[in-house]
Amino acid sequence: MFLKPKTIFKVRWITLVVLAAAVLFFLVWFFSPGKVFEVPYSMVLTDRSGALLSATIAADEQWRFPPMAKIPQKYRQSVVCFEDKRFYYHPGVDPLALGRAMWQNISRRHIVSGASTLTMQVIRLSRMGRERTPGEKLIEMFLALRLEMCKSKEEVLRLYASHAPFGGNVVGLEAAAWRYFGRQPQQLSWAESAALAVLPNSPALIFPGRNQDRYLRKRNHLLERLHEKGHIDSLTCRLAKAERLPAAPFDLPAMAPHLLQRLNAAKTGRIGKKVSLHQTTIDVELQKKAIAVLNHHHQRLAANGINNGAALLADVQTGEVLAYVGNIMPAGRAHGCYVDVITAPRSTGSILKPFLYAAMLQNGELLPSQLVSDIPTRISGYAPENYDRTFRGAVPADMALARSLNVPAVRLLYRYNVDRFYTLLRDLGMSTLFRRADDYGLSLILGGAEATLWDMCQMYANMAQAVNHFHHRRLPQTSCLTVIRDESQKEPLAMNLFAPGASWLTLRAMLEVTRPGIESGWRQFTSSRRVAWKTGTSFGFRDAWAIGVTPEYVVGVWIGNADGEGRPGLVGLYTAAPVLFALFDMLPPTSWFARPEADLMQAKICDQSGYRAGMHCRSAKSEWVPRSALKTPACPYCRIVHLDSSACFQVNTDCASVADMISQNRFVLPPAMEWFYKQYHSDYEPLPPYHPDCIHNMSTDHVAFMSILYPDRKGKIFVPREMDGRLGRVVFEAAHRKASTTVHWHLDKAYMGTTTDIHQMAFAPDAGSHLLTLVDEYGNRAEREFMVLARD
């Protein structure tokens, strides 16, 4: 059977079409231009709305921002009108333009027009450095056709706008908009868009600042064409032509250089993989204000040789960082200003005290107003001192936190256990505890460890989140701080270790921290912002901290010198705190934490001791306490005291009849605590002495009259030598309820002397174990074993 010639022709034609389609499919599929440009890009930081924060120059020394996601309409119309008016109608090569160019070039016997479309220019830019020959032109045409098969017109236009040269080392529309006009491409006017649209055509010849007349003619001619095509009206055209051309390039914004440096150095890790464009959670307006606040206070601090400072501001609910000022950047760029202090480990000072307070509240080991000891303390050779070098005998725990007293904090940590606190801090997110707990010891609570401002703000924010979510029956998960707006790069959620009740009580105590300067009278104004905050000062006045938190925001400030140099007056209250409250002042109004009553209970608390009220407490008050408060003991300081009829002497049944006794409930502190406590509390009633007839019959009484302050129980001491080589002396100290009482001192049964009023005595015991015995004039005794270390 034979086919007709007409049928054979149709079959051949169909076969040819199929083969052509197959070849075309093969070329497109196997030779599609995957990534058109293999060039380095600048690393760019933008704020949460896309505004530029900071950028670095690309590896090839070009200001080349990452490819744009969207082309502004004004620039789109300008560049299409100027470069390729039939861009949306040709397949990558414009036949009409190609014919026109061939006729012009042949008739004039030199190259007048290249007939390059925007697509062909994209190919030429991607093949940079190639010699411009007829053969190269054919390759560009083929690659342009192929590119159009794989990319949409919008994608081609984005490639062009992102890689076109704009003079000097400026590449791409976004970099050009910032360098020449100091704003985003979306904010450019018609005149500015037209000025940039004509620039890639001759970037070396028409550079802003030179060849202004020719540049102006090209721009204005484009504006007239835009008017002719109906893109702009006549008034807009006249106003646009009146605008000036760009002059000297602007400096790019540098509002977050330390964050940019941090991201640039991190290939992978907590921040995320290394990419060229990072949209952050930062609010550019808050960032500007935070920088201004730090710069303002730097003028005062620099006069004292304090050169560095950092601030971090974040949203408590989401964990999103709103302002990130890694350091002060002075005009001379000196004094370690490039160090990102937000991520630099620094001595914590007292900034960790709230976490110990909250942990002990939560575990039922402490009540908010429970008295804690503030007396001379020496534990395994470690002798903490308060900032003012005084002792108060006994202080309510919340007041000790608000006043940042060191001795009560150390004694509480000793009770809580260093290992437990160390583990708690690591679980809370403190990432800088690189040594063992024993290496830090009790100094952990006073700055013996280092922390970053990032970790501290996160830990304070988590405590606030626990209260914000108090209605959850289970402990809520908390959002870690994040600065990158990319869900895949966010930190994992962490379980909050503090219950809402303990967190709320801790924040309430931090509300009472004395504020600096004019802020000290904040309670007098109903409009004042309520902020739970804490300061910290490291040993040697090297670091000053202030961290504050509200239900909405957490703000952290560090002030000091990046090189670790200490300066007199470098104290958290006087240097970091003023910056903290200045930063809070720039924020919208905030609220206060709602009391999580479901996680608290009301209990009867002794008015004087802060313990759970016992049967001998004179008065009690109702206070909100954690439910674990039932574990705490009843008041140990309130007891019954029996007095004679004149109430001037204590008596007992061995020297007075029950009918002649007056029984009173008294608040009685141990001698060492009482000695210091009564100096600050004029209303404290010391116990009267025993009646002379009862002096020899007090064996059944349990009230201590004396307390040895130094040495500690089974303490180890070292007796030094003086400068002249003689053996030094150690001062031993005791406290008596009645200071005027005579106290006799004995060392290993050898009589050493007598003291009155001030009970201190210095002597130099030999190496070995010793027993110190004190006997007062009434026969009361106090003993203490200790050891003197051998001298080399």
# chains A, B, ... in the order shown; residues from 1 in each chain; ligands from 1
>>> closest_atom_pairs(of="region 304-385 of chain A", to="region 517-537 of chain A", cutoff="10 Å", atoms="only C-alpha atoms", output="JSON lines")
{"residue": "A:Ser347", "atom": "CA", "partner": "A:Thr537", "partner_atom": "CA", "distance": 8.3}
{"residue": "A:Thr348", "atom": "CA", "partner": "A:Gly536", "partner_atom": "CA", "distance": 6.5}
{"residue": "A:Gly349", "atom": "CA", "partner": "A:Thr537", "partner_atom": "CA", "distance": 4.6}
{"residue": "A:Ser350", "atom": "CA", "partner": "A:Gly536", "partner_atom": "CA", "distance": 4.4}
{"residue": "A:Ile351", "atom": "CA", "partner": "A:Gly536", "partner_atom": "CA", "distance": 4.9}
{"residue": "A:Leu352", "atom": "CA", "partner": "A:Gly536", "partner_atom": "CA", "distance": 8.5}
{"residue": "A:Lys353", "atom": "CA", "partner": "A:Lys534", "partner_atom": "CA", "distance": 8.8}
{"residue": "A:Pro354", "atom": "CA", "partner": "A:Lys534", "partner_atom": "CA", "distance": 8.1}
>>> write_last_selection(atoms="all heavy atoms", output="mmCIF file, in the first residue's frame")
data_model
loop_
_atom_site.group_PDB
_atom_site.id
_atom_site.type_symbol
_atom_site.label_atom_id
_atom_site.label_comp_id
_atom_site.auth_asym_id
_atom_site.auth_seq_id
_atom_site.Cartn_x
_atom_site.Cartn_y
_atom_site.Cartn_z
ATOM 1 N N SER A 347 32.168 39.335 83.210
ATOM 2 C CA SER A 347 31.861 38.988 84.600
ATOM 3 C C SER A 347 30.470 39.489 84.964
ATOM 4 O O SER A 347 30.115 40.636 84.690
ATOM 5 C CB SER A 347 32.909 39.596 85.532
ATOM 6 O OG SER A 347 32.570 39.367 86.878
ATOM 7 N N THR A 348 29.697 38.624 85.617
ATOM 8 C CA THR A 348 28.271 38.907 85.829
ATOM 9 C C THR A 348 27.986 39.870 86.971
ATOM 10 O O THR A 348 26.896 40.435 87.027
ATOM 11 C CB THR A 348 27.522 37.603 86.121
ATOM 12 O OG1 THR A 348 28.119 36.978 87.275
ATOM 13 C CG2 THR A 348 27.595 36.662 84.939
ATOM 14 N N GLY A 349 28.917 40.044 87.922
ATOM 15 C CA GLY A 349 28.569 40.844 89.086
ATOM 16 C C GLY A 349 27.393 40.215 89.820
ATOM 17 O O GLY A 349 27.358 39.005 90.057
ATOM 18 N N SER A 350 26.395 41.023 90.145
ATOM 19 C CA SER A 350 25.241 40.538 90.921
ATOM 20 C C SER A 350 24.038 40.188 90.058
ATOM 21 O O SER A 350 22.945 39.989 90.576
ATOM 22 C CB SER A 350 24.823 41.611 91.945
ATOM 23 O OG SER A 350 25.871 41.892 92.841
ATOM 24 N N ILE A 351 24.223 40.096 88.760
ATOM 25 C CA ILE A 351 23.091 39.973 87.858
ATOM 26 C C ILE A 351 22.402 38.612 87.946
ATOM 27 O O ILE A 351 21.287 38.425 87.469
ATOM 28 C CB ILE A 351 23.551 40.266 86.414
ATOM 29 C CG1 ILE A 351 22.429 40.897 85.604
ATOM 30 C CG2 ILE A 351 24.103 39.035 85.735
ATOM 31 C CD1 ILE A 351 22.164 42.319 85.976
ATOM 32 N N LEU A 352 23.064 37.622 88.603
ATOM 33 C CA LEU A 352 22.472 36.280 88.722
ATOM 34 C C LEU A 352 21.652 36.100 89.996
ATOM 35 O O LEU A 352 20.992 35.069 90.159
ATOM 36 C CB LEU A 352 23.578 35.225 88.689
ATOM 37 C CG LEU A 352 24.435 35.139 87.422
ATOM 38 C CD1 LEU A 352 25.524 34.089 87.597
ATOM 39 C CD2 LEU A 352 23.580 34.813 86.217
ATOM 40 N N LYS A 353 21.676 37.056 90.894
ATOM 41 C CA LYS A 353 20.993 36.897 92.186
ATOM 42 C C LYS A 353 19.500 36.606 92.072
ATOM 43 O O LYS A 353 18.965 35.791 92.838
ATOM 44 C CB LYS A 353 21.228 38.132 93.054
ATOM 45 C CG LYS A 353 22.660 38.273 93.557
ATOM 46 C CD LYS A 353 22.855 39.561 94.340
ATOM 47 C CE LYS A 353 24.292 39.709 94.814
ATOM 48 N NZ LYS A 353 24.532 40.994 95.488
ATOM 49 N N PRO A 354 18.772 37.235 91.140
ATOM 50 C CA PRO A 354 17.331 36.931 91.056
ATOM 51 C C PRO A 354 17.028 35.463 90.777
ATOM 52 O O PRO A 354 15.991 34.954 91.224
ATOM 53 C CB PRO A 354 16.847 37.821 89.903
ATOM 54 C CG PRO A 354 17.825 38.954 89.866
ATOM 55 C CD PRO A 354 19.142 38.341 90.240
#
>>> residues_around(residues="Tyr382 (chain A)", least_positions_apart="6", cutoff="12 Å", atoms="only C-alpha atoms", output="number ranges by chain")
A: 376, 407, 410-411, 414, 440-444, 446, 712, 715-717
>>> atom_distance(atom1="CA of Ser369 (chain A)", atom2="CA of Asp419 (chain A)")
25.3 Å
>>> atom_distance(atom1="CA of Ser42 (chain A)", atom2="CA of Ala323 (chain A)")
22.2 Å
>>> residues_around(residues="Phe541 (chain A)", least_positions_apart="6", cutoff="12 Å", atoms="only C-alpha atoms", output="PDB file with all heavy atoms, in the first residue's frame")
ATOM      1  N   ILE A 306      35.628  55.489  80.327  1.00  0.00           N
ATOM      2  CA  ILE A 306      34.733  54.362  80.038  1.00  0.00           C
ATOM      3  C   ILE A 306      34.311  54.497  78.587  1.00  0.00           C
ATOM      4  O   ILE A 306      33.569  55.416  78.225  1.00  0.00           O
ATOM      5  CB  ILE A 306      33.513  54.367  80.980  1.00  0.00           C
ATOM      6  CG1 ILE A 306      33.975  54.327  82.439  1.00  0.00           C
ATOM      7  CG2 ILE A 306      32.605  53.194  80.680  1.00  0.00           C
ATOM      8  CD1 ILE A 306      32.857  54.536  83.442  1.00  0.00           C
ATOM      9  N   ARG A 346      31.359  38.328  79.854  1.00  0.00           N
ATOM     10  CA  ARG A 346      31.828  39.328  80.822  1.00  0.00           C
ATOM     11  C   ARG A 346      31.404  38.891  82.219  1.00  0.00           C
ATOM     12  O   ARG A 346      30.418  38.195  82.400  1.00  0.00           O
ATOM     13  CB  ARG A 346      31.231  40.708  80.515  1.00  0.00           C
ATOM     14  CG  ARG A 346      31.406  41.203  79.094  1.00  0.00           C
ATOM     15  CD  ARG A 346      32.840  41.479  78.716  1.00  0.00           C
ATOM     16  NE  ARG A 346      33.490  42.408  79.601  1.00  0.00           N
ATOM     17  CZ  ARG A 346      34.621  43.048  79.303  1.00  0.00           C
ATOM     18  NH1 ARG A 346      35.208  42.829  78.126  1.00  0.00           N
ATOM     19  NH2 ARG A 346      35.183  43.870  80.155  1.00  0.00           N
ATOM     20  N   SER A 347      32.168  39.335  83.210  1.00  0.00           N
ATOM     21  CA  SER A 347      31.861  38.988  84.600  1.00  0.00           C
ATOM     22  C   SER A 347      30.470  39.489  84.964  1.00  0.00           C
ATOM     23  O   SER A 347      30.115  40.636  84.690  1.00  0.00           O
ATOM     24  CB  SER A 347      32.909  39.596  85.532  1.00  0.00           C
ATOM     25  OG  SER A 347      32.570  39.367  86.878  1.00  0.00           O
ATOM     26  N   THR A 348      29.697  38.624  85.617  1.00  0.00           N
ATOM     27  CA  THR A 348      28.271  38.907  85.829  1.00  0.00           C
ATOM     28  C   THR A 348      27.986  39.870  86.971  1.00  0.00           C
ATOM     29  O   THR A 348      26.896  40.435  87.027  1.00  0.00           O
ATOM     30  CB  THR A 348      27.522  37.603  86.121  1.00  0.00           C
ATOM     31  OG1 THR A 348      28.119  36.978  87.275  1.00  0.00           O
ATOM     32  CG2 THR A 348      27.595  36.662  84.939  1.00  0.00           C
ATOM     33  N   GLY A 349      28.917  40.044  87.922  1.00  0.00           N
ATOM     34  CA  GLY A 349      28.569  40.844  89.086  1.00  0.00           C
ATOM     35  C   GLY A 349      27.393  40.215  89.820  1.00  0.00           C
ATOM     36  O   GLY A 349      27.358  39.005  90.057  1.00  0.00           O
ATOM     37  N   TYR A 387      28.656  45.821  99.305  1.00  0.00           N
ATOM     38  CA  TYR A 387      29.248  46.929  98.560  1.00  0.00           C
ATOM     39  C   TYR A 387      29.644  48.079  99.485  1.00  0.00           C
ATOM     40  O   TYR A 387      30.688  48.704  99.294  1.00  0.00           O
ATOM     41  CB  TYR A 387      28.258  47.429  97.503  1.00  0.00           C
ATOM     42  CG  TYR A 387      28.730  48.633  96.744  1.00  0.00           C
ATOM     43  CD1 TYR A 387      29.719  48.519  95.764  1.00  0.00           C
ATOM     44  CD2 TYR A 387      28.205  49.902  97.008  1.00  0.00           C
ATOM     45  CE1 TYR A 387      30.169  49.618  95.063  1.00  0.00           C
ATOM     46  CE2 TYR A 387      28.648  51.011  96.308  1.00  0.00           C
ATOM     47  CZ  TYR A 387      29.626  50.867  95.340  1.00  0.00           C
ATOM     48  OH  TYR A 387      30.077  51.970  94.658  1.00  0.00           O
ATOM     49  N   GLY A 447      29.781  37.216  90.540  1.00  0.00           N
ATOM     50  CA  GLY A 447      30.582  37.595  89.389  1.00  0.00           C
ATOM     51  C   GLY A 447      31.749  36.680  89.129  1.00  0.00           C
ATOM     52  O   GLY A 447      32.610  37.008  88.301  1.00  0.00           O
ATOM     53  N   ILE A 559      27.998  48.317  80.282  1.00  0.00           N
ATOM     54  CA  ILE A 559      28.888  49.466  80.156  1.00  0.00           C
ATOM     55  C   ILE A 559      30.255  49.073  80.712  1.00  0.00           C
ATOM     56  O   ILE A 559      30.336  48.407  81.747  1.00  0.00           O
ATOM     57  CB  ILE A 559      28.347  50.690  80.917  1.00  0.00           C
ATOM     58  CG1 ILE A 559      26.996  51.124  80.334  1.00  0.00           C
ATOM     59  CG2 ILE A 559      29.345  51.854  80.866  1.00  0.00           C
ATOM     60  CD1 ILE A 559      27.046  51.660  78.923  1.00  0.00           C
ATOM     61  N   GLY A 560      31.312  49.478  80.059  1.00  0.00           N
ATOM     62  CA  GLY A 560      32.667  49.183  80.544  1.00  0.00           C
ATOM     63  C   GLY A 560      33.685  49.441  79.464  1.00  0.00           C
ATOM     64  O   GLY A 560      33.466  50.240  78.537  1.00  0.00           O
ATOM     65  N   ASN A 561      34.806  48.765  79.571  1.00  0.00           N
ATOM     66  CA  ASN A 561      35.857  48.822  78.562  1.00  0.00           C
ATOM     67  C   ASN A 561      36.055  47.434  77.980  1.00  0.00           C
ATOM     68  O   ASN A 561      36.196  46.452  78.720  1.00  0.00           O
ATOM     69  CB  ASN A 561      37.164  49.338  79.164  1.00  0.00           C
ATOM     70  CG  ASN A 561      37.104  50.828  79.466  1.00  0.00           C
ATOM     71  OD1 ASN A 561      36.759  51.633  78.604  1.00  0.00           O
ATOM     72  ND2 ASN A 561      37.416  51.203  80.694  1.00  0.00           N
ATOM     73  N   GLY A 564      38.791  45.233  79.261  1.00  0.00           N
ATOM     74  CA  GLY A 564      38.747  44.786  80.644  1.00  0.00           C
ATOM     75  C   GLY A 564      39.308  45.768  81.646  1.00  0.00           C
ATOM     76  O   GLY A 564      39.400  45.460  82.838  1.00  0.00           O
ATOM     77  N   GLU A 565      39.671  46.971  81.228  1.00  0.00           N
ATOM     78  CA  GLU A 565      40.228  47.950  82.167  1.00  0.00           C
ATOM     79  C   GLU A 565      39.147  48.422  83.128  1.00  0.00           C
ATOM     80  O   GLU A 565      38.052  48.807  82.724  1.00  0.00           O
ATOM     81  CB  GLU A 565      40.784  49.146  81.402  1.00  0.00           C
ATOM     82  CG  GLU A 565      41.338  50.231  82.316  1.00  0.00           C
ATOM     83  CD  GLU A 565      41.721  51.504  81.578  1.00  0.00           C
ATOM     84  OE1 GLU A 565      41.558  51.534  80.346  1.00  0.00           O
ATOM     85  OE2 GLU A 565      42.165  52.463  82.236  1.00  0.00           O
ATOM     86  N   GLY A 566      39.450  48.387  84.421  1.00  0.00           N
ATOM     87  CA  GLY A 566      38.521  48.878  85.421  1.00  0.00           C
ATOM     88  C   GLY A 566      38.641  50.380  85.595  1.00  0.00           C
ATOM     89  O   GLY A 566      39.705  50.964  85.364  1.00  0.00           O
ATOM     90  N   ARG A 567      37.531  51.013  85.986  1.00  0.00           N
ATOM     91  CA  ARG A 567      37.530  52.454  86.206  1.00  0.00           C
ATOM     92  C   ARG A 567      36.749  52.766  87.467  1.00  0.00           C
ATOM     93  O   ARG A 567      35.714  52.163  87.751  1.00  0.00           O
ATOM     94  CB  ARG A 567      36.873  53.180  85.029  1.00  0.00           C
ATOM     95  CG  ARG A 567      37.567  53.007  83.689  1.00  0.00           C
ATOM     96  CD  ARG A 567      38.977  53.572  83.700  1.00  0.00           C
ATOM     97  NE  ARG A 567      39.005  54.975  84.057  1.00  0.00           N
ATOM     98  CZ  ARG A 567      40.127  55.669  84.304  1.00  0.00           C
ATOM     99  NH1 ARG A 567      41.296  55.051  84.245  1.00  0.00           N
ATOM    100  NH2 ARG A 567      40.065  56.938  84.614  1.00  0.00           N
ATOM    101  N   PRO A 568      37.252  53.729  88.286  1.00  0.00           N
ATOM    102  CA  PRO A 568      36.485  54.144  89.463  1.00  0.00           C
ATOM    103  C   PRO A 568      35.114  54.665  89.039  1.00  0.00           C
ATOM    104  O   PRO A 568      34.989  55.376  88.038  1.00  0.00           O
ATOM    105  CB  PRO A 568      37.346  55.275  90.056  1.00  0.00           C
ATOM    106  CG  PRO A 568      38.712  55.077  89.485  1.00  0.00           C
ATOM    107  CD  PRO A 568      38.516  54.470  88.135  1.00  0.00           C
ATOM    108  N   GLY A 569      34.110  54.283  89.775  1.00  0.00           N
ATOM    109  CA  GLY A 569      32.762  54.733  89.442  1.00  0.00           C
ATOM    110  C   GLY A 569      32.063  53.905  88.391  1.00  0.00           C
ATOM    111  O   GLY A 569      30.911  54.203  88.045  1.00  0.00           O
ATOM    112  N   LEU A 570      32.730  52.872  87.877  1.00  0.00           N
ATOM    113  CA  LEU A 570      32.087  51.994  86.889  1.00  0.00           C
ATOM    114  C   LEU A 570      31.180  51.018  87.646  1.00  0.00           C
ATOM    115  O   LEU A 570      31.519  49.860  87.877  1.00  0.00           O
ATOM    116  CB  LEU A 570      33.136  51.260  86.065  1.00  0.00           C
ATOM    117  CG  LEU A 570      32.622  50.335  84.939  1.00  0.00           C
ATOM    118  CD1 LEU A 570      31.681  51.080  84.007  1.00  0.00           C
ATOM    119  CD2 LEU A 570      33.774  49.736  84.163  1.00  0.00           C
ATOM    120  N   VAL A 571      30.030  51.523  88.044  1.00  0.00           N
ATOM    121  CA  VAL A 571      29.062  50.790  88.861  1.00  0.00           C
ATOM    122  C   VAL A 571      27.746  50.722  88.095  1.00  0.00           C
ATOM    123  O   VAL A 571      27.353  51.693  87.438  1.00  0.00           O
ATOM    124  CB  VAL A 571      28.866  51.491  90.221  1.00  0.00           C
ATOM    125  CG1 VAL A 571      27.832  50.764  91.068  1.00  0.00           C
ATOM    126  CG2 VAL A 571      30.194  51.589  90.962  1.00  0.00           C
ATOM    127  N   GLY A 572      27.076  49.592  88.174  1.00  0.00           N
ATOM    128  CA  GLY A 572      25.849  49.401  87.430  1.00  0.00           C
ATOM    129  C   GLY A 572      24.816  50.484  87.670  1.00  0.00           C
ATOM    130  O   GLY A 572      24.176  50.971  86.736  1.00  0.00           O
ATOM    131  N   LEU A 573      24.645  50.899  88.927  1.00  0.00           N
ATOM    132  CA  LEU A 573      23.616  51.876  89.271  1.00  0.00           C
ATOM    133  C   LEU A 573      23.878  53.230  88.639  1.00  0.00           C
ATOM    134  O   LEU A 573      22.946  53.939  88.256  1.00  0.00           O
ATOM    135  CB  LEU A 573      23.525  52.015  90.791  1.00  0.00           C
ATOM    136  CG  LEU A 573      22.502  53.020  91.315  1.00  0.00           C
ATOM    137  CD1 LEU A 573      21.087  52.625  90.907  1.00  0.00           C
ATOM    138  CD2 LEU A 573      22.601  53.156  92.836  1.00  0.00           C
ATOM    139  N   TYR A 574      25.146  53.612  88.517  1.00  0.00           N
ATOM    140  CA  TYR A 574      25.476  54.964  88.061  1.00  0.00           C
ATOM    141  C   TYR A 574      25.833  55.046  86.582  1.00  0.00           C
ATOM    142  O   TYR A 574      25.835  56.144  86.014  1.00  0.00           O
ATOM    143  CB  TYR A 574      26.636  55.512  88.894  1.00  0.00           C
ATOM    144  CG  TYR A 574      26.382  55.471  90.375  1.00  0.00           C
ATOM    145  CD1 TYR A 574      27.270  54.847  91.244  1.00  0.00           C
ATOM    146  CD2 TYR A 574      25.223  56.031  90.910  1.00  0.00           C
ATOM    147  CE1 TYR A 574      27.023  54.776  92.601  1.00  0.00           C
ATOM    148  CE2 TYR A 574      24.968  55.971  92.277  1.00  0.00           C
ATOM    149  CZ  TYR A 574      25.870  55.338  93.115  1.00  0.00           C
ATOM    150  OH  TYR A 574      25.618  55.288  94.459  1.00  0.00           O
ATOM    151  N   THR A 575      26.155  53.939  85.955  1.00  0.00           N
ATOM    152  CA  THR A 575      26.564  53.990  84.552  1.00  0.00           C
ATOM    153  C   THR A 575      25.586  53.263  83.624  1.00  0.00           C
ATOM    154  O   THR A 575      25.153  53.821  82.617  1.00  0.00           O
ATOM    155  CB  THR A 575      27.967  53.386  84.379  1.00  0.00           C
ATOM    156  OG1 THR A 575      27.977  52.032  84.865  1.00  0.00           O
ATOM    157  CG2 THR A 575      29.008  54.205  85.127  1.00  0.00           C
TER     158      THR A 575
END
>>> residues_around(residues="Leu413 (chain A)", least_positions_apart="4", cutoff="9 Å", atoms="only C-alpha atoms", output="number ranges by chain")
A: 356, 408-409, 417-418, 421, 442, 444-445
>>> closest_residue(among="A:Trp178, A:Tyr215, A:Tyr684, A:Phe391", to="Ala254 (chain A)", atoms="only C-alpha atoms")
A:Trp178
>>> closest_residue(among="A:Leu669, A:Leu226, A:Arg130, A:Thr46", to="Pro257 (chain A)", atoms="only C-alpha atoms")
A:Thr46
>>> atom_distance(atom1="CA of Leu313 (chain A)", atom2="CA of Ala266 (chain A)")
21.9 Å
>>> select_by_dssp(residues="region 360-515 of chain A", states="strand (DSSP E)", output="list in words")
Leu371, Val372, Ser373, Asp374, Gly393, Ala394, Val395, Pro396, Glu450, Ala451, Gln477, Thr478, Ala494 and Met495 of chain A
>>> residues_around(residues="Leu216 (chain A)", least_positions_apart="5", cutoff="9 Å", atoms="only C-alpha atoms", output="number ranges by chain")
A: 195, 211, 221, 241, 244-245
>>> select_by_dssp(residues="region 481-551 of chain A", states="alpha helix (DSSP H)", output="number ranges by chain")
A: 500-510
>>> residues_around(residues="Lys749 (chain A)", least_positions_apart="6", cutoff="9 Å", atoms="only C-alpha atoms", output="PyMOL selection string")
chain A and resi 771-773
>>> write_last_selection(atoms="N, CA, C and O atoms", output="PDB file, in the first residue's frame")
ATOM      1  N   LEU A 771      41.497  25.378 120.335  1.00  0.00           N
ATOM      2  CA  LEU A 771      40.161  25.580 120.880  1.00  0.00           C
ATOM      3  C   LEU A 771      40.106  26.962 121.515  1.00  0.00           C
ATOM      4  O   LEU A 771      40.865  27.256 122.443  1.00  0.00           O
ATOM      5  N   LEU A 772      39.224  27.809 120.970  1.00  0.00           N
ATOM      6  CA  LEU A 772      39.026  29.153 121.515  1.00  0.00           C
ATOM      7  C   LEU A 772      37.815  29.106 122.432  1.00  0.00           C
ATOM      8  O   LEU A 772      36.734  28.661 122.031  1.00  0.00           O
ATOM      9  N   THR A 773      37.979  29.570 123.674  1.00  0.00           N
ATOM     10  CA  THR A 773      36.898  29.550 124.658  1.00  0.00           C
ATOM     11  C   THR A 773      36.684  30.951 125.193  1.00  0.00           C
ATOM     12  O   THR A 773      37.652  31.623 125.600  1.00  0.00           O
TER      13      THR A 773
END
>>> residues_around(residues="Cys655 (chain A)", least_positions_apart="3", cutoff="8 Å", atoms="only C-alpha atoms", output="PDB file with C-alpha atoms, in the first residue's frame")
ATOM      1  CA  VAL A 651      13.980  34.758 135.561  1.00  0.00           C
ATOM      2  CA  ASN A 652      13.166  31.066 135.654  1.00  0.00           C
ATOM      3  CA  ASP A 693      19.739  35.167 141.774  1.00  0.00           C
ATOM      4  CA  CYS A 694      19.366  33.235 138.519  1.00  0.00           C
ATOM      5  CA  ASN A 697      20.793  28.406 137.315  1.00  0.00           C
TER       6      ASN A 697
END
>>> decode(residues="region 53-64 of chain A", atoms="N, CA and C atoms", output="CSV table (one decimal), in the first residue's frame")
chain,number,residue,atom,x,y,z
A,53,LEU,N,19.9,48.1,57.2
A,53,LEU,CA,20.6,48.4,58.4
A,53,LEU,C,22.1,48.5,58.2
A,54,SER,N,22.7,47.5,57.6
A,54,SER,CA,24.2,47.5,57.4
A,54,SER,C,24.5,46.6,56.2
A,55,ALA,N,25.6,46.7,55.6
A,55,ALA,CA,26.1,45.9,54.5
A,55,ALA,C,27.6,45.9,54.4
A,56,THR,N,28.1,44.7,53.9
A,56,THR,CA,29.5,44.6,53.7
A,56,THR,C,29.8,44.6,52.2
A,57,ILE,N,31.0,45.0,51.8
A,57,ILE,CA,31.3,45.0,50.4
A,57,ILE,C,31.6,43.5,50.0
A,58,ALA,N,31.3,43.2,48.7
A,58,ALA,CA,31.4,41.8,48.3
A,58,ALA,C,32.9,41.4,48.2
A,59,ALA,N,33.2,40.1,48.0
A,59,ALA,CA,34.6,39.7,48.0
A,59,ALA,C,35.4,40.2,46.9
A,60,ASP,N,34.7,40.6,45.8
A,60,ASP,CA,35.4,41.2,44.6
A,60,ASP,C,35.5,42.8,44.7
A,61,GLU,N,35.2,43.3,45.9
A,61,GLU,CA,35.3,44.8,46.2
A,61,GLU,C,34.2,45.5,45.4
A,62,GLN,N,33.1,44.9,45.2
A,62,GLN,CA,31.9,45.5,44.5
A,62,GLN,C,30.8,45.6,45.5
A,63,TRP,N,30.1,46.8,45.5
A,63,TRP,CA,28.9,46.9,46.2
A,63,TRP,C,27.8,46.2,45.4
A,64,ARG,N,27.6,44.9,45.6
A,64,ARG,CA,26.6,44.1,44.9
A,64,ARG,C,25.7,43.4,45.8
